[in-house]
$ cat data36.tsv   # TSV, C-alpha atoms
chain	number	residue	atom	x	y	z
I	1	MET	CA	72.67	-8.82	27.25
I	2	GLU	CA	71.41	-5.49	28.50
I	3	THR	CA	69.66	-5.53	31.87
I	4	GLN	CA	66.89	-3.28	33.13
I	5	PRO	CA	68.15	-0.44	35.34
I	6	GLU	CA	67.59	-0.64	39.04
I	7	THR	CA	65.50	1.97	40.80
I	8	GLY	CA	67.31	5.28	41.00
I	9	GLN	CA	69.83	4.40	38.28
I	10	GLY	CA	68.05	6.39	35.47
I	11	ILE	CA	66.12	5.24	32.42
I	12	GLY	CA	67.47	2.47	30.25
I	13	ARG	CA	67.51	2.52	26.45
I	14	ASN	CA	64.61	0.03	26.04
I	15	THR	CA	62.45	1.84	28.57
I	16	LEU	CA	63.02	5.13	26.78
I	17	LYS	CA	62.06	3.55	23.45
I	18	ASN	CA	58.86	2.18	24.99
I	19	LEU	CA	57.90	5.58	26.38
I	20	VAL	CA	58.40	7.24	23.00
I	21	ARG	CA	56.46	4.46	21.29
I	22	ASN	CA	53.58	4.76	23.79
I	23	LYS	CA	53.44	8.51	23.39
I	24	LYS	CA	53.14	8.17	19.61
I	25	TYR	CA	50.45	5.50	20.05
I	26	ASN	CA	48.43	7.64	22.48
I	27	THR	CA	48.69	10.64	20.16
I	28	HIS	CA	47.47	8.50	17.26
I	29	MET	CA	44.51	7.14	19.28
I	30	HIS	CA	43.54	10.64	20.39
I	31	GLN	CA	43.54	11.85	16.80
I	32	ASN	CA	41.37	8.88	15.79
I	33	ARG	CA	38.88	9.60	18.58
I	34	VAL	CA	38.63	13.25	17.55
I	35	SER	CA	38.21	12.25	13.90
I	36	ASN	CA	35.52	9.68	14.74
I	37	ARG	CA	33.66	12.17	16.93
I	38	ASN	CA	33.67	14.77	14.15
I	39	GLN	CA	32.56	12.16	11.63
I	40	ASN	CA	29.68	11.03	13.87
I	41	GLN	CA	28.57	14.63	14.32
I	42	ASN	CA	28.60	15.16	10.55
I	43	GLN	CA	26.61	11.96	10.01
I	44	HIS	CA	24.12	13.02	12.67
I	45	PHE	CA	23.38	16.34	11.01
I	46	SER	CA	23.19	14.80	7.55
I	47	HIS	CA	20.57	12.29	8.67
I	48	LYS	CA	18.50	14.42	10.99
I	49	GLU	CA	18.29	18.14	10.61
I	50	ILE	CA	17.95	20.25	13.73
I	51	GLY	CA	14.39	19.85	15.02
I	52	LYS	CA	13.20	18.02	11.90
I	53	TYR	CA	12.77	14.47	10.63
I	54	VAL	CA	13.87	13.84	7.07
I	55	PHE	CA	12.65	11.27	4.53
I	56	ASN	CA	13.62	10.60	0.94
I	57	CYS	CA	10.82	10.11	-1.57
I	58	GLN	CA	11.48	6.95	-3.59
I	59	TRP	CA	8.33	6.79	-5.74
I	60	VAL	CA	5.26	8.90	-6.37
I	61	GLY	CA	2.20	7.61	-8.21
I	62	ASN	CA	1.21	9.10	-11.53
I	63	LEU	CA	-2.02	10.55	-10.09
I	64	HIS	CA	0.05	13.02	-8.04
I	65	ALA	CA	3.43	13.07	-9.79
I	66	ARG	CA	2.90	15.96	-12.16
I	67	ARG	CA	1.76	18.37	-9.50
I	68	ILE	CA	4.12	17.27	-6.71
I	69	LEU	CA	7.24	17.26	-8.88
I	70	SER	CA	6.52	20.45	-10.84
I	71	GLU	CA	5.03	22.73	-8.20
I	72	ARG	CA	7.68	24.87	-6.49
I	73	TYR	CA	5.66	26.52	-3.74
I	74	GLY	CA	2.20	26.11	-2.35
I	75	LEU	CA	-0.26	24.35	-0.08
I	76	TYR	CA	-0.97	20.78	-1.20
I	77	GLY	CA	-3.53	19.65	1.38
I	78	ASP	CA	-4.06	18.55	4.98
I	79	VAL	CA	-3.34	15.39	6.96
I	80	ILE	CA	-6.56	13.50	7.69
I	81	SER	CA	-5.13	10.42	9.46
I	82	VAL	CA	-1.80	9.16	10.78
I	83	PHE	CA	-0.68	5.58	11.42
I	84	ASP	CA	2.68	3.98	12.19
I	85	THR	CA	3.81	3.50	8.60
I	86	THR	CA	1.20	5.47	6.65
I	87	LEU	CA	-0.35	8.91	6.65
I	88	ASN	CA	-3.25	10.07	4.50
I	89	VAL	CA	-3.56	13.50	2.96
I	90	LYS	CA	-6.67	15.14	1.54
I	91	THR	CA	-5.34	17.38	-1.21
I	92	ASN	CA	-6.84	20.77	-1.94
I	93	ASN	CA	-8.20	19.41	-5.22
I	94	ASP	CA	-10.09	16.65	-3.36
I	95	ASP	CA	-7.76	13.73	-4.07
I	96	LEU	CA	-6.24	11.24	-1.64
I	97	LEU	CA	-2.46	11.04	-1.27
I	98	VAL	CA	-1.13	8.08	0.73
I	99	VAL	CA	2.38	8.66	2.10
I	100	THR	CA	3.83	5.34	3.19
I	101	ILE	CA	7.01	3.61	4.31
I	102	SER	CA	5.65	0.47	2.64
I	103	LYS	CA	7.31	-0.65	-0.60
I	104	VAL	CA	3.98	-1.32	-2.36
I	105	ARG	CA	3.58	1.28	-5.09
I	106	SER	CA	0.32	2.74	-6.35
I	107	PRO	CA	-0.94	5.59	-8.54
I	108	ILE	CA	-2.09	7.34	-5.34
I	109	ASN	CA	0.97	6.57	-3.16
I	110	MET	CA	4.15	8.38	-2.27
I	111	ASN	CA	6.69	5.81	-1.04
I	112	VAL	CA	9.31	7.23	1.31
I	113	LEU	CA	12.25	6.06	3.41
I	114	PRO	CA	13.71	7.71	6.53
I	115	ILE	CA	17.31	8.81	6.09
I	116	PHE	CA	18.18	9.21	9.77
I	117	LYS	CA	19.89	6.38	11.62
I	118	GLU	CA	17.67	4.02	13.55
I	119	LYS	CA	19.60	4.56	16.79
I	120	GLU	CA	18.66	8.23	16.65
I	121	ARG	CA	15.03	7.20	17.15
I	122	GLY	CA	15.57	4.95	20.16
I	123	GLY	CA	16.58	1.78	18.33
I	124	GLY	CA	13.97	1.52	15.61
I	125	ILE	CA	11.83	3.35	13.08
I	126	GLN	CA	8.64	4.38	14.87
I	127	GLY	CA	6.92	5.70	11.76
I	128	PHE	CA	4.77	8.78	11.47
I	129	ARG	CA	2.67	8.46	14.60
I	130	GLY	CA	3.93	10.92	17.19
I	131	ILE	CA	5.81	13.17	14.77
I	132	ILE	CA	2.89	14.22	12.52
I	133	ASP	CA	-0.45	15.47	13.80
I	134	PHE	CA	-3.95	15.30	12.36
I	135	GLY	CA	-4.87	18.46	10.46
I	136	THR	CA	-1.29	19.55	9.74
I	137	GLU	CA	-0.87	21.43	6.48
I	138	VAL	CA	1.09	19.78	3.68
I	139	LYS	CA	3.29	22.22	1.75
I	140	ILE	CA	5.57	21.99	-1.26
I	141	GLN	CA	8.67	24.18	-1.51
I	142	LYS	CA	11.98	23.87	-3.37
I	143	ASN	CA	11.85	20.16	-4.27
I	144	GLU	CA	10.59	19.28	-0.80
I	145	MET	CA	7.28	18.45	0.77
I	146	SER	CA	6.95	19.51	4.39
I	147	ILE	CA	4.43	18.42	7.01
I	148	GLY	CA	5.14	20.21	10.27
I	149	ASN	CA	8.62	19.16	11.39
I	150	VAL	CA	8.87	16.41	8.77
I	151	ILE	CA	10.58	16.96	5.43
I	152	PHE	CA	10.21	14.72	2.38
I	153	ARG	CA	12.94	15.29	-0.19
I	154	LEU	CA	11.68	14.96	-3.76
I	155	GLY	CA	14.88	15.39	-5.74
I	156	LYS	CA	15.43	11.71	-6.59
I	157	CYS	CA	11.78	10.66	-6.69
I	158	ARG	CA	10.68	8.38	-9.54
I	159	VAL	CA	7.19	8.15	-11.04
I	160	PHE	CA	5.17	4.95	-10.73
I	161	GLN	CA	3.05	4.18	-13.77
I	162	SER	CA	0.21	1.68	-13.80
I	163	ALA	CA	1.23	-1.83	-14.84
I	164	LEU	CA	-2.25	-2.98	-15.86
I	165	ASP	CA	-1.08	-3.96	-19.30
I	166	ARG	CA	-2.80	-7.26	-20.05
I	167	LEU	CA	-6.25	-7.54	-21.57
I	168	PRO	CA	-8.14	-10.74	-20.72
I	169	SER	CA	-10.10	-12.60	-23.36
I	170	ALA	CA	-12.85	-15.18	-22.99
I	171	ASN	CA	-10.21	-17.88	-23.46
I	172	HIS	CA	-8.24	-16.52	-20.51
I	173	LEU	CA	-11.35	-16.53	-18.35
I	174	SER	CA	-12.05	-20.15	-19.23
I	175	GLU	CA	-8.79	-21.15	-17.50
I	176	PHE	CA	-10.42	-20.26	-14.18
I	177	MET	CA	-13.69	-22.13	-14.70
I	178	SER	CA	-12.51	-25.50	-13.44
I	179	LYS	CA	-10.43	-24.01	-10.61
I	180	SER	CA	-13.17	-22.14	-8.78
I	181	ASP	CA	-13.38	-24.59	-5.86
I	182	GLU	CA	-9.64	-24.30	-5.26
I	183	ILE	CA	-9.76	-20.50	-5.33
I	184	PHE	CA	-12.76	-20.26	-3.01
I	185	LYS	CA	-11.05	-22.67	-0.62
I	186	ILE	CA	-8.01	-20.37	-0.45
I	187	LEU	CA	-10.25	-17.40	0.29
I	188	LYS	CA	-11.95	-19.24	3.15
I	189	THR	CA	-8.58	-20.41	4.49
I	190	TYR	CA	-7.30	-16.84	4.80
I	191	SER	CA	-10.53	-15.30	6.05
I	192	ARG	CA	-10.50	-13.51	9.41
I	193	LYS	CA	-13.23	-12.98	11.94
I	194	GLY	CA	-15.30	-9.98	10.98
I	195	CYS	CA	-14.69	-10.15	7.24
I	196	LEU	CA	-17.57	-10.92	4.89
I	197	LEU	CA	-16.55	-14.57	4.57
I	198	SER	CA	-16.37	-15.00	8.35
I	199	PRO	CA	-18.84	-12.39	9.56
I	200	ASP	CA	-19.45	-10.98	13.00
I	201	LEU	CA	-22.57	-9.09	14.09
I	202	THR	CA	-21.62	-6.06	11.98
I	203	THR	CA	-21.11	-7.99	8.73
I	204	LYS	CA	-23.51	-10.90	9.11
I	205	GLY	CA	-25.69	-11.53	6.06
I	206	LEU	CA	-23.99	-8.96	3.80
I	207	LEU	CA	-22.20	-11.39	1.50
I	208	SER	CA	-25.06	-13.88	1.32
I	209	LYS	CA	-27.47	-11.13	0.24
I	210	PHE	CA	-25.07	-9.86	-2.40
I	211	LEU	CA	-24.36	-13.32	-3.85
I	212	LYS	CA	-28.07	-14.03	-4.00
I	213	ASN	CA	-28.62	-10.76	-5.86
I	214	VAL	CA	-25.80	-11.47	-8.32
I	215	HIS	CA	-27.28	-14.86	-9.07
I	216	SER	CA	-30.75	-13.44	-9.67
I	217	TYR	CA	-29.55	-10.46	-11.77
I	218	ARG	CA	-27.69	-12.56	-14.34
I	219	CYS	CA	-28.76	-11.40	-17.74
I	220	GLY	CA	-26.10	-12.61	-20.17
I	221	TYR	CA	-22.99	-10.79	-21.21
I	222	SER	CA	-23.97	-11.11	-24.84
I	223	ASN	CA	-26.26	-8.17	-24.11
I	224	ALA	CA	-23.42	-6.35	-22.32
I	225	PHE	CA	-25.71	-5.77	-19.32
I	226	THR	CA	-28.93	-3.94	-19.88
I	227	ALA	CA	-29.53	-0.62	-18.16
I	228	THR	CA	-31.96	-2.32	-15.79
I	229	ALA	CA	-29.48	-5.01	-14.75
I	230	ASN	CA	-26.75	-2.40	-14.37
I	231	THR	CA	-28.97	-0.38	-12.04
I	232	MET	CA	-29.85	-3.43	-9.95
I	233	MET	CA	-26.22	-4.48	-9.60
I	234	SER	CA	-25.25	-0.95	-8.59
I	235	GLN	CA	-27.90	-1.02	-5.89
I	236	ALA	CA	-26.61	-4.34	-4.59
I	237	LEU	CA	-23.15	-2.79	-4.27
I	238	LEU	CA	-24.56	0.34	-2.63
I	239	ASP	CA	-26.15	-1.85	0.03
I	240	LEU	CA	-22.62	-2.89	1.08
I	241	CYS	CA	-21.12	0.60	1.32
I	242	GLY	CA	-20.23	1.75	4.82
I	243	LYS	CA	-21.09	-1.64	6.32
I	244	GLY	CA	-18.77	-3.26	8.83
I	245	PRO	CA	-16.13	-2.03	11.27
I	246	GLY	CA	-12.74	-0.52	10.56
I	247	TYR	CA	-11.21	2.56	8.99
I	248	THR	CA	-12.31	1.20	5.62
I	249	PRO	CA	-15.39	-0.96	6.31
I	250	SER	CA	-15.52	-4.53	5.02
I	251	GLY	CA	-18.34	-3.70	2.64
I	252	ASP	CA	-16.31	-0.88	1.07
I	253	ASP	CA	-13.26	-3.11	0.62
I	254	PHE	CA	-15.39	-5.74	-1.11
I	255	VAL	CA	-16.98	-3.13	-3.39
I	256	ALA	CA	-13.58	-1.68	-4.32
I	257	GLY	CA	-12.23	-5.12	-5.23
I	258	TYR	CA	-15.36	-6.05	-7.15
I	259	LEU	CA	-15.42	-2.88	-9.25
I	260	GLY	CA	-11.70	-3.08	-10.03
I	261	VAL	CA	-11.96	-6.53	-11.63
I	262	PHE	CA	-15.44	-6.15	-13.09
I	263	ASN	CA	-14.71	-2.89	-14.90
I	264	TRP	CA	-11.28	-3.96	-16.17
I	265	ILE	CA	-12.63	-7.17	-17.71
I	266	SER	CA	-15.65	-5.29	-19.09
I	267	ARG	CA	-13.42	-2.74	-20.79
I	268	SER	CA	-11.22	-5.49	-22.18
I	269	LEU	CA	-14.19	-7.36	-23.67
I	270	ASN	CA	-15.91	-4.15	-24.83
I	271	PHE	CA	-18.82	-4.59	-22.44
I	272	ASN	CA	-20.53	-1.89	-20.41
I	273	THR	CA	-18.72	-1.07	-17.19
I	274	MET	CA	-20.55	-0.84	-13.88
I	275	ASN	CA	-22.27	2.49	-13.45
I	276	PHE	CA	-21.51	3.40	-9.86
I	277	PRO	CA	-21.75	7.18	-9.38
I	278	SER	CA	-19.79	8.63	-6.48
I	279	GLU	CA	-22.60	10.99	-5.51
I	280	LYS	CA	-24.59	7.92	-4.46
I	281	PHE	CA	-21.98	5.93	-2.52
I	282	ALA	CA	-19.88	8.76	-1.04
I	283	PRO	CA	-22.54	9.82	1.52
I	284	LEU	CA	-22.73	6.23	2.80
I	285	THR	CA	-19.15	6.00	4.07
I	286	SER	CA	-16.09	8.05	5.01
I	287	TRP	CA	-14.43	10.42	2.55
I	288	MET	CA	-11.26	8.35	2.38
I	289	SER	CA	-13.06	5.05	1.88
I	290	SER	CA	-15.22	6.58	-0.85
I	291	LYS	CA	-12.09	7.80	-2.65
I	292	LEU	CA	-10.59	4.30	-2.57
I	293	ILE	CA	-13.78	2.91	-4.12
I	294	ASP	CA	-13.71	5.62	-6.79
I	295	TYR	CA	-10.05	4.95	-7.64
I	296	SER	CA	-10.65	1.22	-7.85
I	297	LYS	CA	-13.61	1.79	-10.15
I	298	ARG	CA	-11.20	3.68	-12.42
I	299	ASN	CA	-8.55	0.93	-12.03
I	300	LEU	CA	-6.17	3.20	-10.11
I	301	CYS	CA	-4.99	0.34	-7.91
I	302	ASP	CA	-1.69	-0.66	-6.34
I	303	GLU	CA	0.81	-3.03	-7.93
I	304	GLU	CA	-0.23	-6.10	-5.90
I	305	ILE	CA	-3.84	-5.74	-7.02
I	306	GLN	CA	-2.64	-5.06	-10.55
I	307	ALA	CA	-0.66	-8.31	-10.45
I	308	MET	CA	-3.81	-10.19	-9.42
I	309	ILE	CA	-5.80	-8.62	-12.28
I	310	ASN	CA	-2.99	-9.27	-14.77
I	311	SER	CA	-2.90	-12.92	-13.74
I	312	ILE	CA	-6.47	-13.25	-15.04
I	313	ALA	CA	-5.37	-12.03	-18.46
I	314	ALA	CA	-2.47	-14.48	-18.37
I	315	GLY	CA	-4.67	-17.39	-17.30
I	316	ASP	CA	-2.17	-17.87	-14.46
I	317	LEU	CA	-3.91	-19.63	-11.57
I	318	ASN	CA	-0.77	-19.88	-9.43
I	319	GLN	CA	-0.14	-16.14	-9.63
I	320	TYR	CA	-3.79	-15.45	-8.84
I	321	ILE	CA	-3.66	-17.60	-5.70
I	322	SER	CA	-0.31	-16.10	-4.69
I	323	SER	CA	-1.86	-12.64	-4.99
I	324	ILE	CA	-4.80	-13.64	-2.79
I	325	VAL	CA	-2.41	-14.81	-0.07
I	326	LYS	CA	-0.34	-11.62	-0.26
I	327	ILE	CA	-3.27	-9.20	-0.35
I	328	SER	CA	-5.13	-11.03	2.44
I	329	ARG	CA	-2.43	-9.95	4.92
I	330	ARG	CA	-3.46	-6.30	4.72
I	331	GLY	CA	-5.03	-4.82	7.81
I	332	HIS	CA	-7.37	-6.94	9.87
I	333	THR	CA	-10.01	-7.71	7.22
I	334	SER	CA	-9.34	-5.22	4.40
I	335	GLY	CA	-7.12	-7.47	2.32
I	336	ILE	CA	-9.28	-10.58	2.39
I	337	ASP	CA	-12.43	-8.54	1.67
I	338	ILE	CA	-10.74	-6.90	-1.33
I	339	ALA	CA	-9.62	-10.30	-2.67
I	340	THR	CA	-13.11	-11.73	-2.11
I	341	GLY	CA	-14.70	-8.87	-4.04
I	342	MET	CA	-12.24	-9.35	-6.91
I	343	THR	CA	-12.94	-13.08	-7.08
I	344	VAL	CA	-16.72	-12.72	-6.95
I	345	ALA	CA	-16.46	-10.21	-9.81
I	346	LEU	CA	-14.34	-12.64	-11.83
I	347	TYR	CA	-16.91	-15.41	-11.49
I	348	THR	CA	-19.80	-13.03	-12.11
I	349	VAL	CA	-18.30	-12.40	-15.54
I	350	ILE	CA	-17.50	-16.09	-16.10
I	351	ASP	CA	-21.05	-17.15	-15.22
I	352	ASP	CA	-22.52	-14.67	-17.67
I	353	THR	CA	-20.01	-15.43	-20.41
I	354	PHE	CA	-20.16	-19.22	-20.28
I	355	GLU	CA	-23.63	-19.66	-18.73
I	356	THR	CA	-22.22	-21.46	-15.70
I	357	ASN	CA	-23.46	-21.29	-12.12
I	358	ILE	CA	-20.24	-20.90	-10.14
I	359	ILE	CA	-21.55	-18.03	-7.98
I	360	GLY	CA	-24.56	-20.17	-7.10
I	361	ARG	CA	-22.31	-23.07	-6.07
I	362	PHE	CA	-20.16	-20.73	-4.00
I	363	PHE	CA	-23.29	-19.45	-2.25
I	364	SER	CA	-24.39	-23.01	-1.49
I	365	SER	CA	-20.98	-23.94	-0.09
I	366	LEU	CA	-21.03	-20.96	2.27
I	367	TYR	CA	-24.66	-21.26	3.30
I	368	PRO	CA	-25.66	-24.93	2.96
I	369	ASP	CA	-28.93	-24.40	4.80
$ encode --input "data36.tsv" --output "structure tokens"
Amino acid sequence: METQPETGQGIGRNTLKNLVRNKKYNTHMHQNRVSNRNQNQNQHFSHKEIGKYVFNCQWVGNLHARRILSERYGLYGDVISVFDTTLNVKTNNDDLLVVTISKVRSPINMNVLPIFKEKERGGGIQGFRGIIDFGTEVKIQKNEMSIGNVIFRLGKCRVFQSALDRLPSANHLSEFMSKSDEIFKILKTYSRKGCLLSPDLTTKGLLSKFLKNVHSYRCGYSNAFTATANTMMSQALLDLCGKGPGYTPSGDDFVAGYLGVFNWISRSLNFNTMNFPSEKFAPLTSWMSSKLIDYSKRNLCDEEIQAMINSIAAGDLNQYISSIVKISRRGHTSGIDIATGMTVALYTVIDDTFETNIIGRFFSSLYPD
């Protein structure tokens, strides 16, 4: 058995082997550290260009797709508002483009994802606030959209097409007649202080006045709404525009939801749609809110609202209620006001089609005195 050498007797065979082995190991570890450092540097520059933040465009709505994806150079518009996960652009042809990290797709949206690592932004995605300023020009160049120091790559962007593909019939509407109490109960359950269903000082009396007007303006869908009734209903909606707090006031959200359902069902049943000219409602509210009303009137709505409208055509109560719950989570009161407007429109049509009084009962349940 070989023993270890004493001090001063030289280096033994095993000790020499260990030294050689350790040297090889240290050389290997050094090479790995250099390789990892180079790899990290390459990853860093692929995810975040020098002085710029980079996003990949996942989807763009069909309202903007043709221009955004075909235009090679040019000014597209200006930023009019910036939030954590959303920024709004007023295009130079007077349309609204919503750039969002949200996954909800819409004809007016551009859905994007950051491609830098989260740790490069202090441990989490902070969104657009702080890296994009109000008034910044939006430019398109070489398959990219740029806003200041932020780049949106368009190369792999897909086009979102509207999924409003179901046409409701009177039979479909009848499925909702006996379920009105359940639906209105869900709306009240998810209402928030300040919305039309649970008003504060800024929204008090708005919904009660509208419901009373709807009840008194009933004229029978067999006549497809006379011009007089159409004018009166438009005025009732105008009275809501710009009313309430928030970036999009509660009254505007209700009107947008109401027009979206009312006009879609009317088109499906070959009735007259609601005449609601933008030159009358636009001066009553902000530019952005007026555009959202206009798009909803034309049924340019996002996929969650489309799912709620499609559930009417399918006679699917469960999907309708599920959509109310999902949409009601938007903003502070926006979602629940949109869902309320959609539901009141649904039962406006049902009352006129089947000569029921569901809107009247809803009014009485909200305002028993």
$ closest_atom_pairs --input "data36.tsv" --of "segment 71-139 of chain I" --to "segment 323-343 of chain I" --cutoff "12 Å" --atoms "only C-alpha atoms" --output "tab-separated table"
residue	atom	partner	partner_atom	distance
I:Phe83	CA	I:Gly331	CA	11.8
I:Ser102	CA	I:Arg330	CA	11.5
I:Val104	CA	I:Ile327	CA	10.9
$ atom_distance --input "data36.tsv" --atom1 "atom CA of Leu97 of chain I" --atom2 "atom CA of Asn109 of chain I"
5.9 Å
$ atom_distance --input "data36.tsv" --atom1 "atom CA of Tyr73 of chain I" --atom2 "atom CA of Lys142 of chain I"
6.9 Å
$ residues_around --input "data36.tsv" --residues "segment 195-197 of chain I" --least-positions-apart "5" --cutoff "7 Å" --atoms "only C-alpha atoms" --output "mmCIF file with C-alpha atoms, keeping the file's coordinate frame"
data_model
loop_
_atom_site.group_PDB
_atom_site.id
_atom_site.type_symbol
_atom_site.label_atom_id
_atom_site.label_comp_id
_atom_site.auth_asym_id
_atom_site.auth_seq_id
_atom_site.Cartn_x
_atom_site.Cartn_y
_atom_site.Cartn_z
ATOM 1 C CA LYS I 188 -11.950 -19.240 3.150
ATOM 2 C CA THR I 203 -21.110 -7.990 8.730
ATOM 3 C CA LEU I 206 -23.990 -8.960 3.800
ATOM 4 C CA LEU I 207 -22.200 -11.390 1.500
ATOM 5 C CA SER I 250 -15.520 -4.530 5.020
ATOM 6 C CA THR I 333 -10.010 -7.710 7.220
ATOM 7 C CA ASP I 337 -12.430 -8.540 1.670
#
$ residues_around --input "data36.tsv" --residues "segment 209-211 of chain I" --least-positions-apart "5" --cutoff "8 Å" --atoms "all atoms listed in the file" --output "list in words"
Ala236, Leu237, Ile359, Gly360 and Phe363 of chain I
$ atom_distance --input "data36.tsv" --atom1 "atom CA of Asp94 of chain I" --atom2 "atom CA of Tyr247 of chain I"
18.8 Å
$ residues_around --input "data36.tsv" --residues "Phe152 of chain I" --least-positions-apart "3" --cutoff "12 Å" --atoms "all atoms listed in the file" --output "PyMOL selection string"
chain I and resi 48+52-60+68-69+99-101+110-115+138-149+155-157
$ residues_around --input "data36.tsv" --residues "Phe184 of chain I" --least-positions-apart "4" --cutoff "10 Å" --atoms "all atoms listed in the file" --output "ChimeraX atom specification"
/I:179-180,188-189,321,340,343-344,362,365-366
$ write_last_selection --input "data36.tsv" --atoms "C-alpha atoms" --output "tab-separated table (two decimals), in the frame of the given file"
chain	number	residue	atom	x	y	z
I	179	LYS	CA	-10.43	-24.01	-10.61
I	180	SER	CA	-13.17	-22.14	-8.78
I	188	LYS	CA	-11.95	-19.24	3.15
I	189	THR	CA	-8.58	-20.41	4.49
I	321	ILE	CA	-3.66	-17.60	-5.70
I	340	THR	CA	-13.11	-11.73	-2.11
I	343	THR	CA	-12.94	-13.08	-7.08
I	344	VAL	CA	-16.72	-12.72	-6.95
I	362	PHE	CA	-20.16	-20.73	-4.00
I	365	SER	CA	-20.98	-23.94	-0.09
I	366	LEU	CA	-21.03	-20.96	2.27
$ residues_near_point --input "data36.tsv" --point "(-8.0, -4.9, -12.3)" --cutoff "6 Å" --atoms "all atoms listed in the file" --output "list in words"
Gly260, Val261, Trp264, Asn299, Gln306 and Ile309 of chain I
$ closest_residue --input "data36.tsv" --among "I:Arg166, I:Arg129, I:Lys90, I:His64" --to "Met308 of chain I" --atoms "all atoms listed in the file"
I:Arg166
$ closest_residue --input "data36.tsv" --among "I:Phe354, I:Arg72, I:Asn270, I:Tyr367" --to "Ser208 of chain I" --atoms "all atoms listed in the file"
I:Tyr367
$ decode --input "data36.tsv" --residues "segment 151-156 of chain I" --atoms "all heavy atoms" --output "PDB file, in the first residue's frame"
ATOM      1  N   ILE I 151     -40.155  49.492 -29.991  1.00  0.00           N
ATOM      2  CA  ILE I 151     -40.311  48.890 -31.317  1.00  0.00           C
ATOM      3  C   ILE I 151     -41.292  47.726 -31.234  1.00  0.00           C
ATOM      4  O   ILE I 151     -41.198  46.886 -30.335  1.00  0.00           O
ATOM      5  CB  ILE I 151     -38.958  48.384 -31.856  1.00  0.00           C
ATOM      6  CG1 ILE I 151     -38.022  49.564 -32.131  1.00  0.00           C
ATOM      7  CG2 ILE I 151     -39.149  47.569 -33.134  1.00  0.00           C
ATOM      8  CD1 ILE I 151     -36.626  49.141 -32.534  1.00  0.00           C
ATOM      9  N   PHE I 152     -42.233  47.680 -32.165  1.00  0.00           N
ATOM     10  CA  PHE I 152     -43.172  46.570 -32.279  1.00  0.00           C
ATOM     11  C   PHE I 152     -42.892  45.861 -33.602  1.00  0.00           C
ATOM     12  O   PHE I 152     -43.091  46.439 -34.674  1.00  0.00           O
ATOM     13  CB  PHE I 152     -44.615  47.068 -32.236  1.00  0.00           C
ATOM     14  CG  PHE I 152     -44.960  47.819 -30.985  1.00  0.00           C
ATOM     15  CD1 PHE I 152     -44.868  49.204 -30.941  1.00  0.00           C
ATOM     16  CD2 PHE I 152     -45.365  47.144 -29.845  1.00  0.00           C
ATOM     17  CE1 PHE I 152     -45.183  49.906 -29.788  1.00  0.00           C
ATOM     18  CE2 PHE I 152     -45.678  47.839 -28.682  1.00  0.00           C
ATOM     19  CZ  PHE I 152     -45.587  49.219 -28.654  1.00  0.00           C
ATOM     20  N   ARG I 153     -42.421  44.636 -33.516  1.00  0.00           N
ATOM     21  CA  ARG I 153     -42.092  43.876 -34.718  1.00  0.00           C
ATOM     22  C   ARG I 153     -43.354  43.250 -35.302  1.00  0.00           C
ATOM     23  O   ARG I 153     -44.106  42.584 -34.602  1.00  0.00           O
ATOM     24  CB  ARG I 153     -41.051  42.808 -34.391  1.00  0.00           C
ATOM     25  CG  ARG I 153     -39.696  43.408 -34.020  1.00  0.00           C
ATOM     26  CD  ARG I 153     -38.705  42.349 -33.623  1.00  0.00           C
ATOM     27  NE  ARG I 153     -37.406  42.939 -33.305  1.00  0.00           N
ATOM     28  CZ  ARG I 153     -36.422  42.293 -32.701  1.00  0.00           C
ATOM     29  NH1 ARG I 153     -36.589  41.018 -32.342  1.00  0.00           N
ATOM     30  NH2 ARG I 153     -35.280  42.896 -32.453  1.00  0.00           N
ATOM     31  N   LEU I 154     -43.553  43.431 -36.600  1.00  0.00           N
ATOM     32  CA  LEU I 154     -44.796  43.040 -37.257  1.00  0.00           C
ATOM     33  C   LEU I 154     -44.658  41.795 -38.122  1.00  0.00           C
ATOM     34  O   LEU I 154     -45.645  41.337 -38.697  1.00  0.00           O
ATOM     35  CB  LEU I 154     -45.301  44.197 -38.133  1.00  0.00           C
ATOM     36  CG  LEU I 154     -45.474  45.553 -37.437  1.00  0.00           C
ATOM     37  CD1 LEU I 154     -45.786  46.631 -38.471  1.00  0.00           C
ATOM     38  CD2 LEU I 154     -46.573  45.489 -36.387  1.00  0.00           C
ATOM     39  N   GLY I 155     -43.461  41.240 -38.209  1.00  0.00           N
ATOM     40  CA  GLY I 155     -43.193  40.176 -39.166  1.00  0.00           C
ATOM     41  C   GLY I 155     -44.053  38.935 -39.014  1.00  0.00           C
ATOM     42  O   GLY I 155     -44.421  38.299 -40.001  1.00  0.00           O
ATOM     43  N   LYS I 156     -44.390  38.565 -37.776  1.00  0.00           N
ATOM     44  CA  LYS I 156     -45.159  37.341 -37.538  1.00  0.00           C
ATOM     45  C   LYS I 156     -46.582  37.639 -37.062  1.00  0.00           C
ATOM     46  O   LYS I 156     -47.243  36.784 -36.472  1.00  0.00           O
ATOM     47  CB  LYS I 156     -44.440  36.467 -36.516  1.00  0.00           C
ATOM     48  CG  LYS I 156     -43.072  35.983 -36.982  1.00  0.00           C
ATOM     49  CD  LYS I 156     -42.424  35.082 -35.945  1.00  0.00           C
ATOM     50  CE  LYS I 156     -41.061  34.594 -36.425  1.00  0.00           C
ATOM     51  NZ  LYS I 156     -40.405  33.710 -35.418  1.00  0.00           N
TER      52      LYS I 156
END
